[in-house]
$ cat target.tsv   # TSV, C-alpha atoms
chain	number	residue	atom	x	y	z
A	100	MET	CA	-39.16	-68.01	262.61
A	101	LEU	CA	-41.01	-64.80	261.80
A	102	ASP	CA	-41.55	-66.00	258.23
A	103	LEU	CA	-44.02	-68.47	259.79
A	104	ALA	CA	-45.80	-65.66	261.65
A	105	GLY	CA	-49.13	-66.05	259.85
A	106	GLN	CA	-49.61	-69.68	260.86
A	107	LEU	CA	-48.05	-69.27	264.31
A	108	HIS	CA	-50.38	-66.34	265.01
A	109	GLU	CA	-53.34	-68.61	264.25
A	110	TRP	CA	-51.98	-71.28	266.59
A	111	ILE	CA	-51.55	-68.74	269.38
A	112	GLU	CA	-55.09	-67.42	268.85
A	113	GLU	CA	-56.39	-71.00	268.99
A	114	GLY	CA	-54.50	-71.64	272.23
A	115	ARG	CA	-52.36	-74.43	270.77
A	116	ASP	CA	-49.13	-75.59	272.36
A	117	PHE	CA	-46.25	-75.84	269.92
A	118	ALA	CA	-42.48	-75.92	269.64
A	119	VAL	CA	-40.34	-73.95	267.21
A	120	ALA	CA	-36.97	-75.15	265.95
A	121	THR	CA	-34.95	-72.23	264.59
A	122	VAL	CA	-31.63	-72.27	262.74
A	123	VAL	CA	-29.44	-70.04	264.92
A	124	ALA	CA	-26.00	-70.56	263.37
A	125	VAL	CA	-24.58	-72.09	260.21
A	126	GLY	CA	-21.20	-73.18	258.94
A	127	GLY	CA	-20.05	-74.40	255.57
A	128	SER	CA	-22.59	-75.36	252.93
A	129	ALA	CA	-25.66	-75.32	255.17
A	130	PRO	CA	-28.96	-75.42	253.26
A	131	ARG	CA	-30.99	-72.83	255.22
A	132	PRO	CA	-29.92	-69.51	256.77
A	133	PRO	CA	-30.28	-68.35	260.39
A	134	GLY	CA	-33.92	-67.63	261.14
A	135	ALA	CA	-35.28	-70.55	259.10
A	136	ALA	CA	-37.70	-72.49	261.27
A	137	LEU	CA	-39.77	-75.63	261.65
A	138	ALA	CA	-42.77	-75.46	264.00
A	139	VAL	CA	-44.62	-78.48	265.37
A	140	SER	CA	-47.93	-78.24	267.23
A	141	ALA	CA	-48.96	-80.58	270.01
A	142	ASP	CA	-51.20	-82.51	267.60
A	143	GLY	CA	-48.21	-83.23	265.34
A	144	THR	CA	-48.88	-80.66	262.61
A	145	ALA	CA	-45.62	-79.32	261.12
A	146	ILE	CA	-44.91	-76.17	259.12
A	147	GLY	CA	-41.67	-74.71	257.78
A	148	SER	CA	-38.24	-76.23	257.26
A	149	VAL	CA	-34.77	-76.01	258.80
A	150	SER	CA	-32.69	-78.02	256.36
A	151	GLY	CA	-34.50	-78.62	253.11
A	152	GLY	CA	-35.07	-82.25	254.15
A	153	CYS	CA	-31.73	-83.47	255.57
A	154	VAL	CA	-32.60	-83.48	259.27
A	155	GLU	CA	-36.30	-82.60	259.29
A	156	GLY	CA	-37.34	-85.93	260.81
A	157	ALA	CA	-34.88	-85.69	263.69
A	158	VAL	CA	-35.81	-82.07	264.39
A	159	TYR	CA	-39.51	-82.95	264.29
A	160	ASP	CA	-38.93	-85.58	267.00
A	161	LEU	CA	-36.94	-83.07	269.06
A	162	CYS	CA	-39.83	-80.61	268.89
A	163	LEU	CA	-42.22	-83.23	270.26
A	164	GLN	CA	-39.72	-84.07	273.00
A	165	VAL	CA	-39.29	-80.42	273.96
A	166	LEU	CA	-43.07	-80.05	274.11
A	167	GLN	CA	-43.10	-82.82	276.71
A	168	ASP	CA	-40.20	-81.68	278.92
A	169	GLY	CA	-40.72	-77.94	278.45
A	170	GLU	CA	-37.01	-77.11	278.23
A	171	THR	CA	-35.35	-75.01	275.54
A	172	ARG	CA	-32.32	-76.72	274.01
A	173	VAL	CA	-29.78	-76.26	271.23
A	174	GLU	CA	-28.67	-79.13	269.01
A	175	ARG	CA	-25.89	-79.21	266.42
A	176	PHE	CA	-26.19	-81.16	263.16
A	177	GLY	CA	-23.34	-81.84	260.79
A	178	TYR	CA	-21.92	-84.47	258.46
A	179	SER	CA	-20.18	-87.44	260.06
A	180	ASP	CA	-17.41	-89.08	258.01
A	181	GLU	CA	-17.26	-91.92	260.51
A	182	ASP	CA	-20.94	-92.73	260.24
A	183	ALA	CA	-22.39	-91.55	256.94
A	184	PHE	CA	-25.77	-93.03	257.87
A	185	ALA	CA	-26.11	-90.95	261.03
A	186	VAL	CA	-28.66	-88.15	261.04
A	187	GLY	CA	-26.85	-85.17	259.57
A	188	LEU	CA	-26.31	-82.81	256.68
A	189	THR	CA	-25.24	-84.62	253.55
A	190	CYS	CA	-24.11	-81.28	252.06
A	191	GLY	CA	-21.19	-81.14	254.51
A	192	GLY	CA	-22.37	-78.07	256.42
A	193	ILE	CA	-23.08	-77.53	260.10
A	194	ILE	CA	-26.19	-76.00	261.66
A	195	ASP	CA	-27.12	-75.19	265.24
A	196	ILE	CA	-30.85	-75.38	265.94
A	197	MET	CA	-32.61	-74.01	269.00
A	198	ILE	CA	-35.87	-75.71	269.93
A	199	THR	CA	-38.20	-73.76	272.20
A	200	PRO	CA	-41.67	-74.70	273.54
A	201	TYR	CA	-44.55	-72.20	273.58
A	202	GLY	CA	-47.99	-72.31	275.10
A	203	GLY	CA	-49.38	-71.94	278.60
A	204	ASP	CA	-46.67	-71.00	281.12
A	205	ARG	CA	-43.98	-72.12	278.69
A	206	THR	CA	-43.93	-68.68	277.05
A	207	ALA	CA	-42.77	-67.00	280.27
A	208	ARG	CA	-39.14	-67.18	279.15
A	209	ALA	CA	-39.95	-65.61	275.78
A	210	ALA	CA	-43.02	-63.53	276.57
A	211	ALA	CA	-42.24	-61.24	273.64
A	212	LEU	CA	-42.87	-64.01	271.11
A	213	PRO	CA	-46.68	-63.67	270.79
A	214	ALA	CA	-46.39	-59.91	270.27
A	215	ALA	CA	-43.62	-60.37	267.68
A	216	VAL	CA	-45.59	-63.03	265.82
A	217	SER	CA	-48.74	-60.88	265.85
A	218	ALA	CA	-46.86	-57.83	264.55
A	219	ALA	CA	-45.16	-59.79	261.77
A	220	ALA	CA	-48.43	-61.49	260.79
A	221	HIS	CA	-50.03	-58.06	260.34
A	222	GLY	CA	-47.17	-56.71	258.24
A	223	GLU	CA	-45.68	-54.47	260.92
A	224	PRO	CA	-41.87	-54.03	260.94
A	225	VAL	CA	-40.42	-55.66	264.04
A	226	ALA	CA	-37.26	-57.38	265.25
A	227	LEU	CA	-37.04	-60.26	267.71
A	228	ALA	CA	-33.76	-60.75	269.57
A	229	ARG	CA	-33.28	-64.08	271.34
A	230	VAL	CA	-30.42	-65.55	273.35
A	231	VAL	CA	-29.30	-68.59	271.36
A	232	HIS	CA	-25.95	-69.25	273.06
A	233	GLY	CA	-25.08	-68.56	276.68
A	234	PRO	CA	-26.01	-69.55	280.24
A	235	ALA	CA	-28.93	-71.95	280.54
A	236	GLY	CA	-30.90	-69.39	282.53
A	237	LEU	CA	-30.88	-66.94	279.62
A	238	LEU	CA	-31.24	-69.37	276.71
A	239	GLY	CA	-34.36	-68.58	274.69
A	240	ARG	CA	-35.12	-65.28	276.41
A	241	ALA	CA	-36.38	-62.67	273.94
A	242	VAL	CA	-37.04	-58.99	273.43
A	243	LEU	CA	-39.21	-57.47	270.70
A	244	VAL	CA	-38.02	-54.19	269.16
A	245	ARG	CA	-39.94	-51.77	266.94
A	246	PRO	CA	-38.45	-49.17	264.56
A	247	ASP	CA	-39.02	-46.33	267.03
A	248	GLY	CA	-37.06	-48.15	269.73
A	249	THR	CA	-40.03	-49.22	271.84
A	250	HIS	CA	-39.81	-52.80	273.02
A	251	GLU	CA	-41.49	-55.64	274.88
A	252	GLY	CA	-40.01	-58.43	276.93
A	253	GLY	CA	-36.40	-58.66	278.04
A	254	LEU	CA	-33.37	-60.89	278.31
A	255	GLY	CA	-32.81	-60.60	282.06
A	256	GLY	CA	-29.33	-60.65	283.55
A	257	HIS	CA	-27.27	-57.45	283.65
A	258	PRO	CA	-29.34	-54.24	283.35
A	259	ASP	CA	-27.28	-53.08	280.37
A	260	LEU	CA	-27.90	-56.28	278.41
A	261	ASP	CA	-31.38	-55.28	277.26
A	262	ARG	CA	-30.12	-51.85	276.22
A	263	THR	CA	-27.44	-53.41	274.03
A	264	ALA	CA	-29.78	-56.02	272.57
A	265	ILE	CA	-32.36	-53.37	271.70
A	266	ALA	CA	-29.77	-51.19	269.97
A	267	GLN	CA	-28.39	-54.11	267.95
A	268	ALA	CA	-31.86	-55.34	267.00
A	269	ARG	CA	-32.95	-51.89	265.92
A	270	ALA	CA	-29.88	-51.54	263.67
A	271	LEU	CA	-30.57	-54.88	261.96
A	272	LEU	CA	-34.25	-53.99	261.63
A	273	GLU	CA	-33.39	-50.74	259.87
A	274	ALA	CA	-31.28	-52.74	257.41
A	275	GLY	CA	-33.99	-55.39	257.00
A	276	ARG	CA	-31.51	-58.12	257.96
A	277	THR	CA	-31.48	-61.23	260.11
A	278	GLY	CA	-28.22	-62.24	261.77
A	279	THR	CA	-26.35	-63.01	264.97
A	280	VAL	CA	-24.66	-60.62	267.37
A	281	GLU	CA	-21.94	-61.48	269.88
A	282	VAL	CA	-22.06	-59.62	273.20
A	283	SER	CA	-20.95	-60.05	276.79
A	284	GLU	CA	-23.27	-60.88	279.66
A	285	ASP	CA	-22.77	-57.39	281.08
A	286	GLY	CA	-24.16	-55.86	277.90
A	287	SER	CA	-20.86	-54.67	276.45
A	288	HIS	CA	-20.38	-55.04	272.70
A	289	CYS	CA	-17.22	-57.09	273.13
A	290	PRO	CA	-17.88	-60.73	272.18
A	291	GLY	CA	-17.87	-62.90	275.25
A	292	GLY	CA	-20.50	-65.29	276.47
A	293	LEU	CA	-23.74	-64.50	274.67
A	294	THR	CA	-24.97	-64.88	271.12
A	295	LEU	CA	-28.17	-63.16	270.10
A	296	LEU	CA	-30.15	-64.12	267.01
A	297	VAL	CA	-31.96	-61.06	265.68
A	298	GLU	CA	-34.78	-61.81	263.24
A	299	SER	CA	-36.17	-58.88	261.27
A	300	ALA	CA	-39.67	-58.87	259.82
A	301	VAL	CA	-40.08	-55.99	257.39
A	302	PRO	CA	-42.55	-55.21	254.60
A	303	ALA	CA	-41.75	-56.86	251.30
A	304	PRO	CA	-39.17	-55.00	249.20
A	305	ARG	CA	-40.46	-53.16	246.15
A	306	MET	CA	-40.01	-54.06	242.51
A	307	ILE	CA	-41.16	-51.32	240.13
A	308	VAL	CA	-41.53	-52.41	236.51
A	309	PHE	CA	-41.69	-49.57	234.01
A	310	GLY	CA	-43.31	-50.43	230.68
A	311	ALA	CA	-46.58	-52.34	230.36
A	312	ILE	CA	-45.40	-54.87	227.79
A	313	ASP	CA	-45.65	-58.67	227.57
A	314	PHE	CA	-42.17	-59.08	229.05
A	315	ALA	CA	-43.37	-57.04	232.05
A	316	ALA	CA	-46.24	-59.45	232.71
A	317	ALA	CA	-43.78	-62.34	233.00
A	318	LEU	CA	-41.44	-60.28	235.18
A	319	VAL	CA	-44.30	-59.38	237.52
A	320	ARG	CA	-44.93	-63.08	238.12
A	321	ALA	CA	-41.23	-63.69	238.76
A	322	GLY	CA	-41.07	-60.73	241.14
A	323	LYS	CA	-44.03	-62.00	243.16
A	324	PHE	CA	-42.41	-65.45	243.31
A	325	LEU	CA	-39.28	-63.82	244.79
A	326	GLY	CA	-41.35	-62.03	247.44
A	327	TYR	CA	-41.42	-58.50	246.04
A	328	HIS	CA	-44.28	-56.02	246.25
A	329	VAL	CA	-44.61	-55.37	242.51
A	330	THR	CA	-45.78	-52.15	240.87
A	331	VAL	CA	-46.26	-51.69	237.12
A	332	CYS	CA	-46.01	-48.13	235.82
A	333	ASP	CA	-46.74	-46.90	232.29
A	334	ALA	CA	-47.96	-43.59	230.90
A	335	ARG	CA	-50.35	-45.34	228.50
A	336	PRO	CA	-53.68	-46.23	230.13
A	337	VAL	CA	-54.68	-48.58	227.34
A	338	PHE	CA	-51.79	-50.91	228.27
A	339	ALA	CA	-51.50	-50.42	232.06
A	340	THR	CA	-54.60	-52.39	233.03
A	341	ARG	CA	-55.51	-54.97	235.65
A	342	ALA	CA	-56.56	-57.37	232.92
A	343	ARG	CA	-53.03	-57.39	231.50
A	344	PHE	CA	-51.29	-57.54	234.91
A	345	PRO	CA	-53.51	-59.53	237.29
A	346	ASP	CA	-50.56	-60.49	239.51
A	347	ALA	CA	-49.29	-56.95	240.14
A	348	ASP	CA	-49.85	-55.39	243.56
A	349	GLU	CA	-50.24	-51.95	242.01
A	350	ILE	CA	-50.78	-50.56	238.53
A	351	VAL	CA	-49.94	-46.90	238.02
A	352	VAL	CA	-50.76	-44.77	234.99
A	353	ASP	CA	-48.24	-41.94	235.00
A	354	TRP	CA	-45.06	-40.78	233.33
A	355	PRO	CA	-42.38	-43.10	234.77
A	356	HIS	CA	-39.93	-40.40	235.91
A	357	ARG	CA	-42.70	-38.43	237.59
A	358	TYR	CA	-44.01	-41.46	239.45
A	359	LEU	CA	-40.52	-42.51	240.56
A	360	ALA	CA	-39.82	-39.04	241.94
A	361	SER	CA	-43.00	-39.14	244.02
A	362	THR	CA	-43.02	-42.71	245.35
A	363	ASP	CA	-41.12	-44.28	248.26
A	364	THR	CA	-38.00	-46.34	247.57
A	365	ASP	CA	-35.24	-47.70	249.78
A	366	GLY	CA	-32.05	-49.70	249.66
A	367	ARG	CA	-33.94	-52.92	248.82
A	368	THR	CA	-35.95	-51.52	245.90
A	369	VAL	CA	-35.32	-52.86	242.39
A	370	LEU	CA	-36.19	-50.83	239.29
A	371	CYS	CA	-36.69	-52.59	235.94
A	372	VAL	CA	-37.00	-50.32	232.92
A	373	LEU	CA	-38.55	-52.26	230.02
A	374	THR	CA	-39.79	-49.35	227.91
A	375	HIS	CA	-36.61	-49.02	225.76
A	376	ASP	CA	-37.95	-45.72	224.43
A	377	ALA	CA	-35.71	-42.67	224.89
A	378	LYS	CA	-38.56	-40.30	225.72
A	379	PHE	CA	-39.38	-42.48	228.74
A	380	ASP	CA	-35.97	-43.95	229.53
A	381	ILE	CA	-33.74	-40.89	229.74
A	382	PRO	CA	-35.72	-38.84	232.32
A	383	LEU	CA	-36.54	-42.04	234.23
A	384	LEU	CA	-32.97	-43.33	234.41
A	385	THR	CA	-31.64	-39.87	235.23
A	386	GLU	CA	-33.84	-40.03	238.33
A	387	ALA	CA	-33.28	-43.74	239.07
A	388	LEU	CA	-29.48	-43.79	238.93
A	389	ARG	CA	-29.29	-41.08	241.59
A	390	LEU	CA	-31.45	-42.98	244.08
A	391	PRO	CA	-29.98	-45.31	246.76
A	392	VAL	CA	-31.80	-48.39	245.45
A	393	ALA	CA	-30.56	-51.96	245.17
A	394	TYR	CA	-30.81	-52.48	241.42
A	395	VAL	CA	-31.48	-50.51	238.23
A	396	GLY	CA	-31.76	-52.46	234.99
A	397	ALA	CA	-32.87	-51.37	231.52
A	398	MET	CA	-33.96	-53.48	228.56
A	399	GLY	CA	-32.60	-52.95	225.08
A	400	SER	CA	-30.00	-54.05	222.56
A	401	ARG	CA	-26.34	-53.17	222.90
A	402	ARG	CA	-26.86	-50.46	220.31
A	403	THR	CA	-29.76	-49.10	222.37
A	404	HIS	CA	-27.56	-49.18	225.44
A	405	GLU	CA	-24.79	-47.19	223.76
A	406	ASP	CA	-27.25	-44.56	222.56
A	407	ARG	CA	-28.91	-44.47	225.99
A	408	SER	CA	-25.56	-44.04	227.76
A	409	ARG	CA	-24.65	-41.15	225.47
A	410	ARG	CA	-27.95	-39.43	226.17
A	411	LEU	CA	-27.59	-39.96	229.92
A	412	ARG	CA	-24.11	-38.39	229.87
A	413	GLU	CA	-25.58	-35.44	228.05
A	414	ALA	CA	-28.25	-35.26	230.77
A	415	GLY	CA	-25.46	-34.81	233.33
A	416	LEU	CA	-24.97	-38.27	234.81
A	417	SER	CA	-21.46	-39.09	235.98
A	418	GLU	CA	-19.54	-42.22	235.02
A	419	ARG	CA	-19.97	-43.48	238.57
A	420	GLU	CA	-23.74	-43.10	238.31
A	421	LEU	CA	-23.79	-44.75	234.88
A	422	ALA	CA	-21.80	-47.69	236.24
A	423	ARG	CA	-24.80	-48.62	238.40
A	424	LEU	CA	-26.94	-49.29	235.32
A	425	ARG	CA	-27.33	-52.96	234.36
A	426	SER	CA	-27.96	-52.88	230.64
A	427	PRO	CA	-28.72	-54.90	228.64
A	428	ILE	CA	-30.79	-56.16	231.57
A	429	GLY	CA	-30.45	-59.73	232.89
A	430	LEU	CA	-27.93	-62.57	232.78
A	431	ASP	CA	-26.87	-64.32	229.59
A	432	LEU	CA	-29.17	-67.35	229.58
A	433	GLY	CA	-29.89	-67.28	225.87
A	434	ALA	CA	-33.44	-66.18	226.78
A	435	ARG	CA	-35.98	-65.66	223.99
A	436	THR	CA	-39.51	-65.80	225.39
A	437	PRO	CA	-40.95	-63.31	227.92
A	438	GLU	CA	-40.79	-66.00	230.60
A	439	GLU	CA	-37.17	-66.85	229.87
A	440	THR	CA	-36.28	-63.15	229.83
A	441	ALA	CA	-38.03	-62.66	233.18
A	442	LEU	CA	-35.98	-65.55	234.58
A	443	SER	CA	-32.81	-63.90	233.27
A	444	ILE	CA	-33.70	-60.60	234.94
A	445	ALA	CA	-34.73	-62.28	238.20
A	446	ALA	CA	-31.47	-64.24	238.27
A	447	GLU	CA	-29.45	-61.04	237.94
A	448	ILE	CA	-31.43	-59.39	240.73
A	449	VAL	CA	-30.78	-62.35	243.06
A	450	ALA	CA	-27.08	-62.40	242.15
A	451	ALA	CA	-26.80	-58.66	242.82
A	452	ARG	CA	-28.60	-58.98	246.14
A	453	HIS	CA	-26.40	-61.78	247.47
A	454	GLY	CA	-23.09	-61.03	245.76
A	455	GLY	CA	-23.30	-63.97	243.37
A	456	THR	CA	-21.12	-64.19	240.29
A	457	GLY	CA	-23.77	-65.43	237.87
A	458	ARG	CA	-21.38	-68.14	236.67
A	459	PRO	CA	-22.26	-71.87	236.65
A	460	LEU	CA	-21.54	-73.65	239.93
A	461	THR	CA	-20.13	-76.59	237.99
A	462	GLY	CA	-16.35	-76.24	238.01
A	463	SER	CA	-16.47	-73.21	240.29
A	464	ASP	CA	-14.66	-73.00	243.61
A	465	THR	CA	-16.76	-70.13	244.99
A	466	PRO	CA	-18.97	-70.80	248.06
A	467	ILE	CA	-22.46	-72.03	247.25
A	468	HIS	CA	-23.97	-70.37	250.31
A	469	ARG	CA	-22.86	-66.99	251.61
A	470	GLU	CA	-24.99	-66.67	254.77
A	471	GLU	CA	-21.87	-66.65	256.95
A	472	ARG	CA	-21.30	-63.03	255.91
A	473	VAL	CA	-24.41	-62.13	257.88
A	474	ALA	CA	-24.50	-64.82	260.52
A	475	GLY	CA	-20.93	-64.75	261.79
A	476	GLN	CA	-19.08	-67.71	263.25
A	477	LEU	CA	-20.59	-70.72	264.91
A	478	PRO	CA	-20.37	-70.59	268.72
A	479	GLN	CA	-19.41	-73.68	270.66
A	480	PRO	CA	-22.29	-76.13	271.15
A	481	VAL	CA	-24.40	-75.55	274.24

$ encode --input "target.tsv" --output "structure tokens"
Amino acid sequence: MLDLAGQLHEWIEEGRDFAVATVVAVGGSAPRPPGAALAVSADGTAIGSVSGGCVEGAVYDLCLQVLQDGETRVERFGYSDEDAFAVGLTCGGIIDIMITPYGGDRTARAAALPAAVSAAAHGEPVALARVVHGPAGLLGRAVLVRPDGTHEGGLGGHPDLDRTAIAQARALLEAGRTGTVEVSEDGSHCPGGLTLLVESAVPAPRMIVFGAIDFAAALVRAGKFLGYHVTVCDARPVFATRARFPDADEIVVDWPHRYLASTDTDGRTVLCVLTHDAKFDIPLLTEALRLPVAYVGAMGSRRTHEDRSRRLREAGLSERELARLRSPIGLDLGARTPEETALSIAAEIVAARHGGTGRPLTGSDTPIHREERVAGQLPQPV
């Protein structure tokens, strides 16, 4: 839901009534992960998506119904072999969707929502924990949690429940993840009675592209499309210009290894080294491969890679550190143009992030969607 924060914040500021349908659990080959949302205002305007089209119409009608009766509810959608024309997921998956009304006194149950939406809309890191499975009196209740542990709202019930929810939400926020947590009504961590959906809104992850070349311009566009905050770094001011990289969030003129040592990175950061010049690559990769980042890739031929690996060993990198390097960069798509190469690199980054194999889905027996690793098991329908 927090990925719709910008528009929802405007609706709240305008005083609109609306309902939000949020995917709270998935099973099988469900099209959207937990946290995906469809919002419908009282005038019928809709934003977002919960299924990529399979059940949007039915969920839209449910939102309008919930706006009328004012009651939070959870509905399950799945494929029906007995009635293939029934409203459901043609992909064979199962999703549980919670529909909650907001506006006027309807926000009393989830008073933390406006604050969470406002924070996310302004780029502040925040987590929103909501009861998505449990007693009717707690369903939809929410607590907002910030990185420092401060919070707004509450779930009610046992006094230890909020404490547990806040701790769980803070942990997921630190990891930048959205997922479900099973707890008991008394606040203990043992599964038993309550399911919380924790949605994390965090600043966009960083992609740092080293080397102001034509391939970098295409990769910047791909990185922005994937939702990264993209920085281009090159030591040559004649090439690192806004005119050459209009889509980049930042353009830095500095020696790559010096900039990397001075800038902030985290476990979601991806580093793409496109310089394929030893005087830049070796000091840069010596720094990069010792950082706890998500991805380090370097452009170059196989011969370049062998020479680069030898130089990095001589610089003191261990075999374990070298094993983190993805070189030649990208998946084997037969890419030739800068745009095709950028697609190849972007595909490898996505595969690395989600544990994909990079192999064709045709003829494969691996799961298409892997959200269940984060979301856990489906609870029983409410």

$ atom_distance --input "target.tsv" --atom1 "atom CA of Gly322 of chain A" --atom2 "atom CA of Pro437 of chain A"
13.5 Å

$ closest_residue --input "target.tsv" --among "A:Lys378, A:Glu418, A:Ala441, A:Thr456" --to "Asp313 of chain A" --atoms "only C-alpha atoms"
A:Ala441

$ atom_distance --input "target.tsv" --atom1 "atom CA of Ile428 of chain A" --atom2 "atom CA of Asp353 of chain A"
22.8 Å

$ atom_distance --input "target.tsv" --atom1 "atom CA of Ala266 of chain A" --atom2 "atom CA of Leu243 of chain A"
11.4 Å

$ closest_residue --input "target.tsv" --among "A:Ser408, A:Ser140, A:Thr277, A:Ser283" --to "Leu384 of chain A" --atoms "all atoms listed in the file"
A:Ser408

$ closest_residue --input "target.tsv" --among "A:Thr368, A:Ser217, A:Ser148, A:Thr199" --to "His108 of chain A" --atoms "all atoms listed in the file"
A:Ser217

$ closest_residue --input "target.tsv" --among "A:Val352, A:Ala347, A:Val165, A:Ala451" --to "Arg305 of chain A" --atoms "all atoms listed in the file"
A:Ala347

$ closest_residue --input "target.tsv" --among "A:Thr171, A:Gly239, A:Asp380, A:Glu438" --to "Arg320 of chain A" --atoms "all atoms listed in the file"
A:Glu438

$ closest_residue --input "target.tsv" --among "A:Leu370, A:Leu238, A:Ala226, A:Ile312" --to "Leu272 of chain A" --atoms "all atoms listed in the file"
A:Ala226

$ residues_around --input "target.tsv" --residues "Ala360 of chain A" --least-positions-apart "2" --cutoff "9 Å" --atoms "only C-alpha atoms" --output "compact mmCIF listing (two decimals) with C-alpha atoms, in the coordinates of the input"
# COMPACT_ATOMS: atom_id res chain seq x y z
CA PRO A 355 -42.38 -43.10 234.77
CA HIS A 356 -39.93 -40.40 235.91
CA ARG A 357 -42.70 -38.43 237.59
CA TYR A 358 -44.01 -41.46 239.45
CA THR A 362 -43.02 -42.71 245.35
CA ASP A 363 -41.12 -44.28 248.26
CA LEU A 383 -36.54 -42.04 234.23
CA GLU A 386 -33.84 -40.03 238.33
CA ALA A 387 -33.28 -43.74 239.07

$ residues_near_point --input "target.tsv" --point "(-48.9, -52.4, 259.4)" --cutoff "12 Å" --atoms "only C-alpha atoms" --output "PyMOL selection string"
chain A and resi 217-225+245+300-303

$ write_last_selection --input "target.tsv" --atoms "C-alpha atoms" --output "PDB file, in the coordinates of the input"
ATOM      1  CA  SER A 217     -48.740 -60.880 265.850  1.00  0.00           C
ATOM      2  CA  ALA A 218     -46.860 -57.830 264.550  1.00  0.00           C
ATOM      3  CA  ALA A 219     -45.160 -59.790 261.770  1.00  0.00           C
ATOM      4  CA  ALA A 220     -48.430 -61.490 260.790  1.00  0.00           C
ATOM      5  CA  HIS A 221     -50.030 -58.060 260.340  1.00  0.00           C
ATOM      6  CA  GLY A 222     -47.170 -56.710 258.240  1.00  0.00           C
ATOM      7  CA  GLU A 223     -45.680 -54.470 260.920  1.00  0.00           C
ATOM      8  CA  PRO A 224     -41.870 -54.030 260.940  1.00  0.00           C
ATOM      9  CA  VAL A 225     -40.420 -55.660 264.040  1.00  0.00           C
ATOM     10  CA  ARG A 245     -39.940 -51.770 266.940  1.00  0.00           C
ATOM     11  CA  ALA A 300     -39.670 -58.870 259.820  1.00  0.00           C
ATOM     12  CA  VAL A 301     -40.080 -55.990 257.390  1.00  0.00           C
ATOM     13  CA  PRO A 302     -42.550 -55.210 254.600  1.00  0.00           C
ATOM     14  CA  ALA A 303     -41.750 -56.860 251.300  1.00  0.00           C
TER      15      ALA A 303
END

$ residues_around --input "target.tsv" --residues "Ala377 of chain A" --least-positions-apart "2" --cutoff "9 Å" --atoms "all atoms listed in the file" --output "list in words"
Thr374, His375, Phe379, Asp380, Ile381, Pro382, Asp406, Arg407 and Arg410 of chain A
